[in-house]
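Participant: This is the content of query26.cif (mmCIF, C-alpha atoms and all ligand atoms):
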data_run
#
loop_
_atom_site.label_atom_id
_atom_site.label_comp_id
_atom_site.auth_asym_id
_atom_site.auth_seq_id
_atom_site.Cartn_x
_atom_site.Cartn_y
_atom_site.Cartn_z
CA MET A 30 37.28 40.68 96.58
CA ARG A 31 37.16 44.21 95.20
CA ASN A 32 33.67 43.50 93.86
CA TRP A 33 32.52 41.95 97.13
CA ILE A 34 33.17 45.25 98.88
CA LYS A 35 30.56 46.84 96.64
CA ARG A 36 28.11 44.13 97.64
CA HIS A 37 28.95 43.59 101.33
CA GLY A 38 30.85 46.66 102.57
CA HIS A 39 34.22 46.85 104.33
CA ILE A 40 33.74 43.79 106.54
CA TYR A 41 32.31 40.47 105.45
CA GLU A 42 32.85 36.77 106.02
CA ILE A 43 33.68 34.17 103.40
CA ASN A 44 35.04 30.67 103.20
CA VAL A 45 38.50 31.00 101.66
CA PRO A 46 40.09 27.82 100.30
CA ILE A 47 42.97 26.69 102.58
CA PHE A 48 42.32 29.45 105.19
CA GLY A 49 38.73 28.37 105.95
CA GLN A 50 36.01 30.61 107.31
CA SER A 51 37.52 34.12 107.23
CA VAL A 52 36.50 37.64 108.19
CA VAL A 53 37.75 40.09 105.56
CA VAL A 54 38.25 43.71 106.68
CA SER A 55 39.21 46.92 104.91
CA ASP A 56 37.49 49.55 107.05
CA PRO A 57 40.27 51.82 108.44
CA ALA A 58 38.95 51.86 112.03
CA LEU A 59 38.55 48.07 112.08
CA VAL A 60 41.94 47.58 110.47
CA ARG A 61 43.42 49.74 113.25
CA SER A 62 41.86 47.37 115.82
CA VAL A 63 43.44 44.39 114.04
CA CYS A 64 46.85 46.09 113.96
CA THR A 65 46.77 47.16 117.61
CA ALA A 66 45.51 43.81 118.96
CA SER A 67 47.90 42.05 121.32
CA ASN A 68 50.01 39.04 120.31
CA GLU A 69 47.68 36.85 122.34
CA GLN A 70 44.40 38.17 120.91
CA LEU A 71 45.48 37.73 117.31
CA ILE A 72 48.12 35.18 116.44
CA ASN A 73 49.71 34.17 113.17
CA VAL A 74 47.46 33.03 110.36
CA GLN A 75 47.50 29.33 109.46
CA PRO A 76 48.88 28.20 107.09
CA ASN A 77 51.60 30.84 106.72
CA LEU A 78 54.94 31.26 104.96
CA SER A 79 56.74 28.99 107.43
CA ASN A 80 55.37 26.26 105.12
CA LEU A 81 57.94 27.44 102.62
CA PHE A 82 60.76 28.82 104.79
CA GLY A 83 60.62 26.34 107.69
CA PRO A 84 59.26 26.37 111.26
CA GLY A 85 62.43 27.99 112.66
CA SER A 86 61.85 31.20 110.68
CA ILE A 87 60.12 34.27 112.07
CA PHE A 88 56.99 33.32 110.11
CA GLY A 89 56.68 30.14 112.21
CA LEU A 90 56.95 31.88 115.59
CA ASP A 91 54.31 33.40 117.87
CA GLY A 92 54.22 35.17 121.25
CA SER A 93 57.49 35.86 123.10
CA ARG A 94 59.63 33.78 120.72
CA HIS A 95 58.38 35.90 117.84
CA ARG A 96 59.06 39.12 119.76
CA ASP A 97 62.60 37.98 120.65
CA ARG A 98 63.37 37.07 117.06
CA ARG A 99 62.21 40.47 115.82
CA ARG A 100 64.44 42.14 118.40
CA LEU A 101 67.38 40.05 117.26
CA LEU A 102 66.93 40.77 113.55
CA ALA A 103 66.00 44.45 113.76
CA PRO A 104 69.51 45.98 114.05
CA ALA A 105 70.56 44.51 110.70
CA LEU A 106 67.50 45.92 108.93
CA HIS A 107 67.32 49.44 110.35
CA GLY A 108 69.19 52.70 110.83
CA ARG A 109 72.94 52.59 110.63
CA SER A 110 73.13 49.20 108.92
CA LEU A 111 71.13 50.57 106.00
CA LYS A 112 73.69 53.32 105.51
CA ASN A 113 76.34 50.63 105.04
CA TYR A 114 74.21 48.88 102.40
CA GLU A 115 73.74 51.96 100.20
CA LYS A 116 77.03 51.51 98.34
CA VAL A 117 76.29 47.82 97.67
CA ILE A 118 72.86 48.76 96.23
CA GLU A 119 74.30 51.49 94.01
CA ASP A 120 77.17 49.30 92.76
CA GLU A 121 74.84 46.43 92.01
CA THR A 122 72.44 48.70 90.07
CA LEU A 123 75.32 50.10 88.00
CA ARG A 124 76.67 46.61 87.31
CA GLU A 125 73.28 45.23 86.30
CA SER A 126 72.35 48.21 84.10
CA ALA A 127 75.72 48.38 82.31
CA ASN A 128 74.42 46.38 79.34
CA TRP A 129 70.83 47.60 79.12
CA PRO A 130 69.83 48.03 75.46
CA GLU A 131 69.07 51.53 74.19
CA ASN A 132 65.95 52.35 72.14
CA ASN A 133 64.82 48.75 72.52
CA GLU A 134 61.94 47.78 74.75
CA PHE A 135 62.85 45.27 77.47
CA ARG A 136 61.36 43.84 80.69
CA ILE A 137 62.86 45.54 83.70
CA LEU A 138 61.49 43.08 86.25
CA GLU A 139 64.23 40.48 85.79
CA PRO A 140 67.12 42.99 86.21
CA MET A 141 65.32 44.32 89.32
CA ASN A 142 65.05 40.77 90.68
CA ARG A 143 68.76 40.18 90.10
CA ILE A 144 69.68 43.44 91.86
CA THR A 145 67.51 42.82 94.92
CA LEU A 146 68.62 39.19 95.22
CA ASP A 147 72.30 40.06 94.98
CA VAL A 148 71.90 42.89 97.50
CA ILE A 149 70.12 40.72 100.05
CA LEU A 150 72.63 37.87 99.69
CA ARG A 151 75.58 40.20 100.17
CA THR A 152 74.16 42.31 103.00
CA ILE A 153 72.04 39.83 104.95
CA LEU A 154 74.04 36.63 104.42
CA GLY A 155 77.43 38.22 103.94
CA ALA A 156 77.74 35.94 100.86
CA ASP A 157 80.39 36.40 98.19
CA GLY A 158 82.35 34.41 95.58
CA ALA A 159 81.25 30.85 94.74
CA GLU A 160 78.48 30.75 97.37
CA LEU A 161 76.97 33.99 96.07
CA GLU A 162 77.08 32.71 92.49
CA GLU A 163 75.45 29.41 93.37
CA LEU A 164 72.70 31.09 95.42
CA CYS A 165 71.98 33.54 92.57
CA GLU A 166 71.44 30.51 90.35
CA ILE A 167 69.26 28.35 92.59
CA VAL A 168 67.08 30.95 94.36
CA PRO A 169 65.06 32.38 91.38
CA PRO A 170 63.56 29.03 90.20
CA TRP A 171 62.87 28.10 93.83
CA MET A 172 61.12 31.42 94.39
CA THR A 173 58.91 30.91 91.33
CA LEU A 174 57.87 27.41 92.37
CA GLY A 175 57.80 28.18 96.11
CA SER A 176 55.49 31.19 95.67
CA ILE A 177 52.93 28.99 93.93
CA MET A 178 53.27 26.15 96.44
CA ALA A 179 53.61 28.26 99.61
CA PHE A 180 50.12 27.59 100.93
CA VAL A 181 49.42 24.25 99.25
CA PRO A 182 49.40 21.48 101.88
CA ALA A 183 51.89 18.66 101.18
CA PRO A 184 50.18 15.35 100.38
CA PRO A 185 50.23 12.70 103.15
CA PHE A 186 52.23 10.27 100.93
CA ARG A 187 55.83 10.27 99.69
CA THR A 188 56.26 12.33 96.54
CA GLY A 189 58.87 11.78 93.84
CA ARG A 190 61.91 13.95 93.06
CA HIS A 191 60.17 15.42 90.04
CA SER A 192 57.05 16.48 91.95
CA PRO A 193 56.90 20.12 93.11
CA TRP A 194 57.59 18.98 96.70
CA GLY A 195 60.56 16.88 95.53
CA LYS A 196 62.00 19.89 93.72
CA LEU A 197 61.50 22.14 96.75
CA ALA A 198 63.24 19.55 98.98
CA GLU A 199 66.15 19.34 96.53
CA PHE A 200 66.52 23.14 96.60
CA ARG A 201 66.38 23.12 100.38
CA ASN A 202 69.25 20.60 100.60
CA ALA A 203 71.37 22.71 98.26
CA PHE A 204 70.52 25.93 100.15
CA ASP A 205 71.35 24.42 103.57
CA ARG A 206 74.66 23.08 102.24
CA ILE A 207 75.70 26.54 101.02
CA VAL A 208 74.57 28.29 104.21
CA LEU A 209 76.46 25.75 106.35
CA THR A 210 79.60 26.59 104.34
CA LEU A 211 78.95 30.30 105.04
CA ILE A 212 78.45 29.51 108.74
CA GLU A 213 81.77 27.61 108.90
CA GLY A 214 83.48 30.58 107.23
CA ALA A 215 81.87 33.03 109.67
CA GLU A 216 82.87 30.94 112.69
CA ALA A 217 86.47 30.94 111.52
CA ASP A 218 86.34 34.72 110.95
CA PRO A 219 88.23 36.58 113.73
CA GLY A 220 86.09 39.65 112.89
CA LEU A 221 82.78 37.81 113.52
CA GLY A 222 82.08 39.95 116.59
CA ASP A 223 82.07 43.14 114.51
CA ARG A 224 80.09 41.85 111.56
CA ALA A 225 76.65 43.42 111.02
CA ASP A 226 75.04 40.88 108.65
CA VAL A 227 72.13 38.77 109.87
CA LEU A 228 74.09 35.52 109.58
CA ALA A 229 76.62 36.89 112.08
CA LEU A 230 73.85 38.20 114.38
CA LEU A 231 72.14 34.83 114.46
CA LEU A 232 75.42 32.99 115.04
CA ARG A 233 76.33 35.25 117.97
CA SER A 234 72.86 35.05 119.59
CA ARG A 235 72.51 33.06 122.81
CA ARG A 236 69.40 31.69 124.50
CA ASP A 237 68.79 31.96 128.26
CA GLY A 238 70.81 28.79 128.97
CA GLY A 239 73.70 30.16 126.88
CA THR A 240 73.09 27.80 123.97
CA GLY A 241 73.36 29.05 120.41
CA MET A 242 70.63 29.01 117.80
CA PRO A 243 70.18 25.61 116.07
CA ARG A 244 71.82 25.54 112.62
CA LEU A 245 68.57 24.56 110.93
CA ASP A 246 66.74 27.55 112.46
CA ILE A 247 69.48 29.83 111.12
CA CYS A 248 68.98 28.35 107.64
CA ASP A 249 65.18 28.79 107.96
CA GLU A 250 65.56 32.43 109.00
CA LEU A 251 68.00 33.35 106.27
CA LEU A 252 65.79 31.72 103.67
CA ALA A 253 62.80 33.67 105.04
CA LEU A 254 64.62 36.98 104.67
CA ILE A 255 65.69 36.16 101.12
CA GLY A 256 62.20 34.94 100.21
CA ALA A 257 60.29 37.78 101.88
CA GLY A 258 62.74 40.47 100.89
CA HIS A 259 63.94 40.22 97.34
CA GLU A 260 61.01 39.52 95.02
CA SER A 261 58.68 41.89 96.87
CA THR A 262 61.10 44.80 96.46
CA ALA A 263 61.86 43.89 92.83
CA SER A 264 58.13 43.78 92.05
CA ALA A 265 57.63 47.23 93.58
CA LEU A 266 60.52 48.51 91.46
CA GLY A 267 59.00 46.88 88.38
CA TRP A 268 55.80 48.83 89.08
CA ALA A 269 57.84 52.02 89.55
CA PHE A 270 59.13 51.90 85.97
CA GLU A 271 55.76 50.73 84.65
CA ARG A 272 54.18 53.87 86.17
CA LEU A 273 56.96 56.32 85.23
CA ARG A 274 56.78 55.35 81.55
CA ARG A 275 53.13 56.54 81.59
CA HIS A 276 53.60 59.66 83.77
CA PRO A 277 56.00 62.16 82.17
CA ASP A 278 55.12 64.88 84.73
CA VAL A 279 56.17 62.70 87.67
CA LEU A 280 59.26 61.48 85.82
CA ALA A 281 60.38 65.05 84.98
CA GLU A 282 59.97 66.08 88.63
CA LEU A 283 62.00 63.08 89.79
CA VAL A 284 64.81 63.67 87.29
CA GLY A 285 64.99 67.36 88.24
CA GLU A 286 65.23 66.40 91.91
CA VAL A 287 67.90 63.74 91.28
CA ASP A 288 70.00 66.28 89.39
CA GLU A 289 69.75 68.70 92.28
CA GLY A 290 70.68 66.00 94.80
CA GLY A 291 67.29 65.84 96.56
CA SER A 292 65.19 62.86 97.60
CA ASP A 293 61.87 64.05 99.14
CA PHE A 294 59.76 63.66 96.02
CA ARG A 295 61.36 60.27 95.31
CA ARG A 296 60.34 59.09 98.80
CA ALA A 297 56.78 60.40 98.17
CA THR A 298 56.73 58.55 94.85
CA ILE A 299 57.72 55.30 96.54
CA LEU A 300 54.90 55.65 99.10
CA GLU A 301 52.41 56.34 96.31
CA LEU A 302 53.66 53.37 94.28
CA LEU A 303 53.25 51.06 97.24
CA ARG A 304 49.75 52.45 97.80
CA LEU A 305 48.53 52.16 94.23
CA ARG A 306 50.19 48.89 93.28
CA THR A 307 50.15 46.80 96.45
CA VAL A 308 52.75 44.11 96.02
CA VAL A 309 51.32 42.09 98.92
CA ASP A 310 47.60 42.77 99.02
CA VAL A 311 46.41 40.75 102.02
CA ILE A 312 47.71 40.08 105.51
CA GLY A 313 46.29 37.45 107.80
CA ARG A 314 45.83 36.74 111.51
CA ARG A 315 43.95 34.12 113.55
CA VAL A 316 41.94 34.69 116.71
CA GLY A 317 44.05 33.27 119.57
CA ALA A 318 41.85 34.52 122.45
CA PRO A 319 38.47 32.87 123.24
CA ASN A 320 37.03 35.59 121.00
CA PHE A 321 38.02 38.93 119.50
CA ASP A 322 35.82 42.04 119.41
CA LEU A 323 36.11 43.86 116.13
CA GLY A 324 33.85 46.93 116.08
CA LYS A 325 30.37 45.62 116.78
CA TRP A 326 31.29 42.07 115.78
CA ARG A 327 32.56 39.28 118.02
CA ILE A 328 34.88 36.93 116.13
CA PRO A 329 35.22 33.42 117.60
CA HIS A 330 38.45 31.62 118.56
CA ASN A 331 40.52 30.23 115.69
CA ARG A 332 38.70 32.23 112.99
CA THR A 333 40.92 33.74 110.28
CA VAL A 334 40.96 37.54 109.94
CA LEU A 335 42.22 38.92 106.63
CA VAL A 336 43.03 42.58 106.01
CA ARG A 337 42.61 43.54 102.36
CA ILE A 338 45.36 46.13 101.95
CA ALA A 339 44.47 46.88 98.33
CA ASP A 340 40.90 47.85 99.25
CA LEU A 341 42.09 50.03 102.08
CA HIS A 342 44.41 51.83 99.65
CA GLU A 343 41.60 52.41 97.19
CA ASN A 344 39.27 54.10 99.69
CA PRO A 345 38.31 57.49 98.14
CA GLU A 346 37.45 58.94 101.55
CA ILE A 347 41.10 58.61 102.56
CA PHE A 348 42.85 58.91 99.22
CA PRO A 349 40.89 61.21 96.84
CA HIS A 350 40.86 59.84 93.28
CA PRO A 351 42.54 56.67 94.51
CA GLU A 352 42.92 55.23 90.99
CA GLN A 353 45.31 58.06 90.02
CA PHE A 354 49.08 57.72 90.36
CA ASP A 355 49.72 60.97 92.18
CA PRO A 356 52.96 61.12 94.24
CA PHE A 357 52.25 64.80 94.87
CA ARG A 358 49.63 63.70 97.43
CA PHE A 359 52.45 62.54 99.74
CA ARG A 360 54.86 65.41 99.13
CA GLY A 361 55.90 66.90 102.46
CA THR A 362 53.47 64.69 104.34
CA LYS A 363 53.15 61.06 105.39
CA PRO A 364 50.19 58.79 104.68
CA PRO A 365 47.95 57.92 107.66
CA THR A 366 49.43 54.84 109.37
CA SER A 367 46.18 52.93 109.71
CA ALA A 368 45.17 53.49 106.08
CA TRP A 369 48.50 53.02 104.29
CA LEU A 370 49.44 49.42 104.99
CA ALA A 371 51.82 48.32 102.25
CA PHE A 372 54.03 46.69 104.89
CA GLY A 373 51.22 45.35 107.07
CA GLY A 374 50.89 46.53 110.65
CA GLY A 375 51.19 45.83 114.33
CA ALA A 376 53.30 43.10 115.93
CA ARG A 377 54.02 41.43 112.60
CA ARG A 378 54.62 44.53 110.47
CA CYS A 379 57.23 43.93 107.77
CA LEU A 380 60.64 43.89 109.39
CA GLY A 381 62.30 44.89 106.12
CA ALA A 382 60.17 48.01 105.41
CA ASP A 383 63.05 50.48 105.89
CA PHE A 384 65.39 48.17 103.98
CA ALA A 385 62.94 47.98 101.05
CA ILE A 386 62.35 51.75 100.92
CA THR A 387 66.08 52.48 101.05
CA GLU A 388 66.75 49.95 98.34
CA MET A 389 64.00 51.31 96.08
CA ASP A 390 65.24 54.83 96.69
CA ILE A 391 68.83 54.06 95.69
CA VAL A 392 67.94 51.90 92.69
CA LEU A 393 65.61 54.62 91.37
CA ARG A 394 68.16 57.35 92.00
CA THR A 395 70.93 55.42 90.24
CA VAL A 396 68.79 54.54 87.21
CA LEU A 397 67.48 58.12 86.84
CA GLN A 398 71.01 59.53 87.11
CA ASN A 399 72.21 57.29 84.31
CA PHE A 400 69.24 56.73 82.01
CA ARG A 401 66.47 58.64 80.33
CA ILE A 402 63.23 56.66 80.41
CA GLN A 403 61.11 57.11 77.31
CA THR A 404 57.46 57.96 78.04
CA ASP A 405 54.37 57.23 75.96
CA ALA A 406 50.67 56.51 76.26
CA ALA A 407 51.01 52.71 76.41
CA ALA A 408 48.10 50.92 78.10
CA ASP A 409 48.65 50.18 81.79
CA GLU A 410 50.14 46.76 82.48
CA LYS A 411 47.74 44.45 84.28
CA SER A 412 48.69 42.86 87.57
CA HIS A 413 50.01 39.30 87.64
CA PHE A 414 49.79 37.36 90.92
CA ARG A 415 52.86 35.17 91.40
CA GLY A 416 51.56 33.47 94.56
CA ILE A 417 52.92 36.00 97.08
CA ALA A 418 53.72 39.19 95.16
CA HIS A 419 51.79 41.06 92.47
CA THR A 420 54.00 42.08 89.54
CA PRO A 421 53.38 44.01 86.29
CA LYS A 422 52.06 41.37 83.91
CA LEU A 423 54.42 42.23 81.05
CA GLY A 424 57.40 42.59 83.37
CA GLY A 425 57.46 46.40 83.42
CA ARG A 426 58.46 47.03 79.80
CA VAL A 427 60.58 50.15 79.27
CA VAL A 428 62.68 51.86 76.61
CA VAL A 429 65.74 53.72 77.88
CA ASN A 430 68.64 55.82 76.64
CA ARG A 431 71.87 56.40 78.44
CA ARG A 432 72.25 59.98 79.73
CA THR A 433 75.42 61.67 78.65
C1 LIG B 1 58.44 46.44 98.82
C2 LIG B 1 58.92 45.42 99.50
C3 LIG B 1 58.18 44.70 100.59
C4 LIG B 1 56.84 44.61 100.83
C5 LIG B 1 55.70 45.23 100.04
C6 LIG B 1 56.68 43.79 102.03
C7 LIG B 1 55.46 43.49 102.60
C8 LIG B 1 55.31 42.72 103.75
C9 LIG B 1 54.06 42.43 104.37
C10 LIG B 1 52.70 42.93 103.88
C11 LIG B 1 54.31 41.65 105.45
C12 LIG B 1 53.27 41.08 106.42
C13 LIG B 1 53.08 42.06 107.55
C14 LIG B 1 51.93 41.73 108.47
O1 LIG B 1 51.51 40.57 108.55
O2 LIG B 1 51.44 42.67 109.13
C15 LIG B 1 55.73 41.44 105.52
C16 LIG B 1 56.37 40.68 106.49
C17 LIG B 1 57.73 40.51 106.56
N1 LIG B 1 58.67 41.04 105.69
FE1 LIG B 1 58.31 42.30 104.15
N2 LIG B 1 57.92 43.41 102.47
C18 LIG B 1 58.86 43.95 101.64
C19 LIG B 1 60.24 43.84 101.75
C20 LIG B 1 60.89 43.13 102.74
C21 LIG B 1 62.33 43.04 102.89
C22 LIG B 1 63.34 43.77 102.00
C23 LIG B 1 62.57 42.20 103.93
C24 LIG B 1 63.90 41.76 104.53
C25 LIG B 1 65.07 42.15 104.17
C26 LIG B 1 61.29 41.77 104.46
C27 LIG B 1 61.13 40.94 105.54
C28 LIG B 1 59.92 40.62 106.11
C29 LIG B 1 59.78 39.80 107.29
C30 LIG B 1 60.91 39.12 108.06
C31 LIG B 1 58.41 39.72 107.58
C32 LIG B 1 57.76 38.96 108.72
C33 LIG B 1 57.57 39.86 109.94
C34 LIG B 1 56.97 39.12 111.11
O3 LIG B 1 56.27 38.12 110.91
O4 LIG B 1 57.21 39.58 112.26
N3 LIG B 1 60.31 42.35 103.71
N4 LIG B 1 56.33 42.11 104.48
#
If you convert what's in this file into C-alpha cells, what do you get?
Facilitator:
Amino acid sequence: MRNWIKRHGHIYEINVPIFGQSVVVSDPALVRSVCTASNEQLINVQPNLSNLFGPGSIFGLDGSRHRDRRRLLAPALHGRSLKNYEKVIEDETLRESANWPENNEFRILEPMNRITLDVILRTILGADGAELEELCEIVPPWMTLGSIMAFVPAPPFRTGRHSPWGKLAEFRNAFDRIVLTLIEGAEADPGLGDRADVLALLLRSRRDGGTGMPRLDICDELLALIGAGHESTASALGWAFERLRRHPDVLAELVGEVDEGGSDFRRATILELLRLRTVVDVIGRRVGAPNFDLGKWRIPHNRTVLVRIADLHENPEIFPHPEQFDPFRFRGTKPPTSAWLAFGGGARRCLGADFAITEMDIVLRTVLQNFRIQTDAAADEKSHFRGIAHTPKLGGRVVVNRRT
C-alpha cells in the first residue's frame, strides 16, 4: 500500500480480498472527514473483529447500541480506574522481570505479552487464582490462531475438532466456562456494587426494561477487551525496546528522567513509538448512508473505506523526517489529532487508549528503574504482521543488566 501512494496519491480505490471494493485514504483532511462522520453515515466495516470475539461484543454493535456500550465500558478504562491499576502493572512487571538473564540477548516480546495479559485479566475481569492461571494458559495460543483467522469466513460445512475453526470453538467453550465461574463468584460477592472491573460493570448494567445483559454477551465483551487490549500493547512495548536499543540518546534522556521522577519525555516517547511503528495500521468503515461525500469524491452505499494509519504517520509535511525515531518532536507538545491516529478516530476510537498509554508508561518506567539496556548499532528489526498487530520480527531482542 505504501508503494501505491507513490503511484496513486493519498486516496485511491482497490479491490481488497474479503473487504471488497475499498476506498483507501491517508490524506489528513480526508481522514478528518472519515473520523468526524456520524454513526449513520459511516458504520462498522464488514467483516470485523466480532467474527472472532462474538456478535455481543462492542465490535459487533452499531448505532445507539454501540454508543451505549461505549458509555458503559468507559469508566473502567479511564481516569480514576487507571490510577488503581498502576500498582498491578508495576507489580506484574517486577514479577515478570525478576528472572531476566543478564548479558544474554533475549526476546522481550513474550515477557511483554505475559505482563499485558495478566494485567488485563486482573483489572478488567477481576480474575485471580485458578481462573487467572487457566486463562493465562489458554489465551496466548488462541490469540495466535485467532489473529490469523479473524477475517477468514468460516466454511459453510461442519469442520472437525482439529481444523482451525474446531480449535477456536474449543477455546471458546473453555473461555466461557471460566468466565461463567467468575460471574458466579461476582454475583455472590457482597462488594459487587463497589467493584470497578468491567465484569462487575457489565453484571450490574440494566437495559430499559430492567433486564440484565445476557451472559453470552458478557463473555463476548470480555473476550473482546482481552483480545483487543493485550497483544496490541505488548507489541507496542516490544517496539519500544527494539527502538531504545538503537537510540542511546533517547535512552539516556529517559533514564535521566526516570531517576529524577519525571514522565513527560517518556509520554512523548510513547507517542513517537506509536507513530513510527503503528501496531494497527489500518482502520475500516462502511458507507451506511445512501452515499458519503469525501472531499470531491462521492462514495456509494456499502463501499468499504479504509484509513491507512501508517501512511498518515509517514507524511513528511506533517512529521518532518518521518522515518526518524525522534521523541523530541513531541516533547512539550501533542501530535495533531487528525494526523496521529495510532488509536483510530471518531465514534469507534480505541476505548483502551488511555489504558494502553498508562500501561506502557508504567512498564517502561519500571524496567528503566531496574535495568540498564545495552545499546548497539544492530540492524532495525523488520515488522511482522500477526493478523491484527504488527510486532518486531525478531521479538524485540535486547541485552540487559540489572541496575544496582
Ligand atoms: C497500544 C495499544 C493499542 C492500540 C495500538 C490500539 C489500537 C486500536 C485501534 C486502531 C482501534 C480501532 C479504532 C477505530 O476503528 O477507529 C481500536 C479499537 C478498540 N480498542 Fe484498542 N488499541 C490498543 C490497546 C487497547 C486496550 C488496552 C484496550 C482495552 C483494555 C483496547 C480496546 C479497544 C476496543 C474495545 C476497541 C473498539 C472500540 C469501538 O469499536 O468502539 N485497545 N484499538
Participant: Write out as a ChimeraX atom specification each polymer residue whose atoms come within 12 Å of Gln353 of chain A, counting all atoms listed in the file; drop sequence neighbours fewer than 3 positions from it.
Facilitator: /A:272,275-276,301-302,304-306,342-343,345,348-350,356-358,409
Participant: Quick check, in Å to one decimal: how far apart do atom CA of Ala406 of chain A and atom CA of Gly424 of chain A lie?
Facilitator: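 Interatomic distance, atom CA of Ala406 of chain A to atom CA of Gly424 of chain A: 17.0 Å.
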Participant: Using all atoms of ligand LIG 1 (chain B) listed in the file and a margin of 3 Å per side, can you give the axis-aligned box centre and edge lengths in Å to one decimal, as JSON?
Facilitator:
{"center_x": 58.3, "center_y": 42.3, "center_z": 105.5, "size_x": 19.6, "size_y": 14.3, "size_z": 19.4}
Participant: Would you compute the distance between atom CA of Asp223 of chain A and atom CA of Gly256 of chain A? Give it in Å to one decimal.
Facilitator: 25.8 Å
Participant: Throw together the list of residues within 7 Å of ligand LIG 1 (chain B), counting all atoms listed in the file, and drop it here as a PDB file with C-alpha atoms, in the frame of the given file.
Facilitator:
ATOM      1  CA  ILE A  87      60.120  34.270 112.070  1.00  0.00           C
ATOM      2  CA  PHE A  88      56.990  33.320 110.110  1.00  0.00           C
ATOM      3  CA  HIS A  95      58.380  35.900 117.840  1.00  0.00           C
ATOM      4  CA  ARG A  99      62.210  40.470 115.820  1.00  0.00           C
ATOM      5  CA  LEU A 106      67.500  45.920 108.930  1.00  0.00           C
ATOM      6  CA  ILE A 149      70.120  40.720 100.050  1.00  0.00           C
ATOM      7  CA  ALA A 253      62.800  33.670 105.040  1.00  0.00           C
ATOM      8  CA  LEU A 254      64.620  36.980 104.670  1.00  0.00           C
ATOM      9  CA  ILE A 255      65.690  36.160 101.120  1.00  0.00           C
ATOM     10  CA  ALA A 257      60.290  37.780 101.880  1.00  0.00           C
ATOM     11  CA  GLY A 258      62.740  40.470 100.890  1.00  0.00           C
ATOM     12  CA  HIS A 259      63.940  40.220  97.340  1.00  0.00           C
ATOM     13  CA  SER A 261      58.680  41.890  96.870  1.00  0.00           C
ATOM     14  CA  THR A 262      61.100  44.800  96.460  1.00  0.00           C
ATOM     15  CA  ALA A 265      57.630  47.230  93.580  1.00  0.00           C
ATOM     16  CA  LEU A 303      53.250  51.060  97.240  1.00  0.00           C
ATOM     17  CA  THR A 307      50.150  46.800  96.450  1.00  0.00           C
ATOM     18  CA  VAL A 308      52.750  44.110  96.020  1.00  0.00           C
ATOM     19  CA  VAL A 309      51.320  42.090  98.920  1.00  0.00           C
ATOM     20  CA  VAL A 311      46.410  40.750 102.020  1.00  0.00           C
ATOM     21  CA  ILE A 312      47.710  40.080 105.510  1.00  0.00           C
ATOM     22  CA  GLY A 313      46.290  37.450 107.800  1.00  0.00           C
ATOM     23  CA  ALA A 371      51.820  48.320 102.250  1.00  0.00           C
ATOM     24  CA  PHE A 372      54.030  46.690 104.890  1.00  0.00           C
ATOM     25  CA  GLY A 373      51.220  45.350 107.070  1.00  0.00           C
ATOM     26  CA  GLY A 374      50.890  46.530 110.650  1.00  0.00           C
ATOM     27  CA  GLY A 375      51.190  45.830 114.330  1.00  0.00           C
ATOM     28  CA  ALA A 376      53.300  43.100 115.930  1.00  0.00           C
ATOM     29  CA  ARG A 377      54.020  41.430 112.600  1.00  0.00           C
ATOM     30  CA  ARG A 378      54.620  44.530 110.470  1.00  0.00           C
ATOM     31  CA  CYS A 379      57.230  43.930 107.770  1.00  0.00           C
ATOM     32  CA  LEU A 380      60.640  43.890 109.390  1.00  0.00           C
ATOM     33  CA  GLY A 381      62.300  44.890 106.120  1.00  0.00           C
ATOM     34  CA  ALA A 382      60.170  48.010 105.410  1.00  0.00           C
ATOM     35  CA  PHE A 384      65.390  48.170 103.980  1.00  0.00           C
ATOM     36  CA  ALA A 385      62.940  47.980 101.050  1.00  0.00           C
ATOM     37  CA  ILE A 386      62.350  51.750 100.920  1.00  0.00           C
TER      38      ILE A 386
END
Participant: List the residues sitting within 12 Å of (74.4, 26.3, 102.8) in the file's frame, using all atoms listed in the file, as a count of residues only.
Facilitator: 31
Participant: Which residue, A:Phe294, A:Glu410, A:Asn80, A:Glu282, has the smallest gap to Phe180 of chain A when you use only C-alpha atoms?
Facilitator: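 Of A:Phe294, A:Glu410, A:Asn80, A:Glu282, the one nearest Phe180 of chain A, counting only C-alpha atoms, is A:Asn80.
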Participant: Nearest residue to Phe354 of chain A out of A:Arg327, A:Arg151, A:Arg94, A:Arg274, using all atoms listed in the file?
Facilitator: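 Smallest separation from Phe354 of chain A among the options: A:Arg274.
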